[in-house]
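One structure is given below, encoded as structure tokens.
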Amino acid sequence: MISYVKGILGEILEQEIVVEAGGIGYGIQVPVTVLDRLPGLGKEVKIYTYMQVREDGLSLFGFLNRQDLLMFRQLIGVSGIGPKGALGVLSALSPDTLRMAVLSGDAKTISKAPGVGNKTAQRIILDLKDKVKAEDILSGFDKEEEDGSYSDMTVQSGKEAVEALVALGYSGTEAAKAVRRVEISEGMTAEDVLRQSLKFLAF
């Protein structure tokens, strides 16, 4: 099992990238939404992967953080959706947009993905509504630092702010959207994040 591939970004194709690690070029299929978030060619990148094993070969599907990989795994757990279908959904909708749609029961947004009709969109909502949480939308705060560790304080402040907004009566989707708009820096408390988030919700 390949959990992640860390190496030099060698190629960017239409829906696939090649990452060179240990003298091997790994072809990794990625959603279109990942392409504009990649570093430049020749730069180091870390891709979290899911490996599909089939009789006719192996395929790697990749994402920039663990939460987006989890979203992909949850999608392929829905009846009738395989890795290719899940990749199509996550190319049409970013993982956070999909999470928000699931939380709010928005089948119309999900059905915009290619090959996904209203019936399949409803099935996705039904299967994932108990698995997706508002704080998962804060996956963007899980940014790895140069030393390879994670800023737990930053993540925690964001999550606490979401919980506070939900307690104030906002939906999980509204709360997460507002908190994601705040540039959370080291040293900011949950109260600081909450105060700035409320400014975005005032409009």
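Going by the structure tokens order, chains are called A, B, ..., each with residues numbered from 1, while ligands are numbered from 1 in the order shown.
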
Sorted per-residue table, region 65-179 of chain A near region 18-32 of chain A, closest atoms and distance, 12 Å, only C-alpha atoms, as JSON lines:
{"residue": "A:Asp68", "atom": "CA", "partner": "A:Pro31", "partner_atom": "CA", "distance": 10.6}
{"residue": "A:Leu69", "atom": "CA", "partner": "A:Val30", "partner_atom": "CA", "distance": 10.5}
{"residue": "A:Phe72", "atom": "CA", "partner": "A:Pro31", "partner_atom": "CA", "distance": 10.2}
{"residue": "A:Pro83", "atom": "CA", "partner": "A:Gln29", "partner_atom": "CA", "distance": 10.0}
{"residue": "A:Lys84", "atom": "CA", "partner": "A:Gln29", "partner_atom": "CA", "distance": 9.3}
{"residue": "A:Gly85", "atom": "CA", "partner": "A:Pro31", "partner_atom": "CA", "distance": 10.7}
{"residue": "A:Ala86", "atom": "CA", "partner": "A:Pro31", "partner_atom": "CA", "distance": 9.0}
{"residue": "A:Leu87", "atom": "CA", "partner": "A:Pro31", "partner_atom": "CA", "distance": 5.6}
{"residue": "A:Gly88", "atom": "CA", "partner": "A:Pro31", "partner_atom": "CA", "distance": 7.0}
{"residue": "A:Val89", "atom": "CA", "partner": "A:Pro31", "partner_atom": "CA", "distance": 8.4}
{"residue": "A:Leu90", "atom": "CA", "partner": "A:Pro31", "partner_atom": "CA", "distance": 5.8}
{"residue": "A:Ser91", "atom": "CA", "partner": "A:Pro31", "partner_atom": "CA", "distance": 4.5}
{"residue": "A:Ala92", "atom": "CA", "partner": "A:Val32", "partner_atom": "CA", "distance": 7.6}
{"residue": "A:Leu93", "atom": "CA", "partner": "A:Pro31", "partner_atom": "CA", "distance": 9.2}
{"residue": "A:Ser94", "atom": "CA", "partner": "A:Pro31", "partner_atom": "CA", "distance": 8.7}
{"residue": "A:Pro95", "atom": "CA", "partner": "A:Pro31", "partner_atom": "CA", "distance": 9.9}

> Can you list, as a PyMOL selection string, every residue of chain A that DSSP puts in alpha helix (DSSP H)?
Replying inline: chain A and resi 32-35+66-76+83-92+95-104+107-110+118-128+152-167+172-180+190-201

>> What's around region 169-183 of chain A at 6 Å? Count only C-alpha atoms, leave out sequence neighbours fewer than 4 positions away in its own chain, and write the answer as a list in words.
In response: Met100, Ala134, Val162, Leu165, Ser197 and Phe200 of chain A

>> Applying 7 Å and only C-alpha atoms, which residues near region 102-109 of chain A remain after dropping the ones on its own chain fewer than 6 positions away? List them as a ChimeraX atom specification.
In response: /A:118,121-122,125,128-129,173

Output file for the residues above (C-alpha atoms, as a PDB file, in the first residue's frame):
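Done, and the output landed in out-v3.pdb:
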ATOM      1  CA  ASN A 118     -30.292  13.521  -9.129  1.00  0.00           C
ATOM      2  CA  ALA A 121     -26.662  12.764  -5.855  1.00  0.00           C
ATOM      3  CA  GLN A 122     -29.356  11.870  -3.317  1.00  0.00           C
ATOM      4  CA  ILE A 125     -26.022  12.713   0.477  1.00  0.00           C
ATOM      5  CA  LEU A 128     -22.251  10.546   3.536  1.00  0.00           C
ATOM      6  CA  LYS A 129     -24.371  12.853   5.683  1.00  0.00           C
ATOM      7  CA  THR A 173     -21.772  25.085   6.040  1.00  0.00           C
TER       8      THR A 173
END

> When distances are computed from only C-alpha atoms, which of A:Ile184, A:Gly40, A:Ser59, A:Leu75 shows the smallest separation from Gln196 (chain A)?
Replying inline: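 Ranked by minimum distance to Gln196 (chain A), first place goes to A:Ile184.
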
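Picture a line from CA of Thr49 (chain A) to CA of Phe61 (chain A); it runs 5.4 Å.
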
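Distances to Tyr48 (chain A) were evaluated for A:Asn65, A:Gln15, A:Thr120, A:Gln74 using only C-alpha atoms, and the minimum falls at A:Asn65.
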
>> My list of candidates is A:Ile8, A:Ala167, A:Ser3, A:Ile81. Which is closest to Arg66 (chain A) when distances are computed with only C-alpha atoms?
In response: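 Distance minimum relative to Arg66 (chain A) lands on A:Ser3.
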
>> When DSSP is applied to the backbone of this structure, which of chain A are assigned strand (DSSP E or B)? Write them out as a VMD selection string.
In response: chain A and resid 4 to 12 16 to 21 24 to 29 44 to 54 57 to 63 144 150

> What is the CA of Glu14 (chain A) to CA of Ile124 (chain A) distance in Å?
Replying inline: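 About the pair CA of Glu14 (chain A) and CA of Ile124 (chain A): they are 26.3 Å apart.
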
> CA of Thr33 (chain A) and CA of Glu160 (chain A) are how many Å apart?
Replying inline: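 If I compute the distance from CA of Thr33 (chain A) to CA of Glu160 (chain A), I get 27.4 Å.
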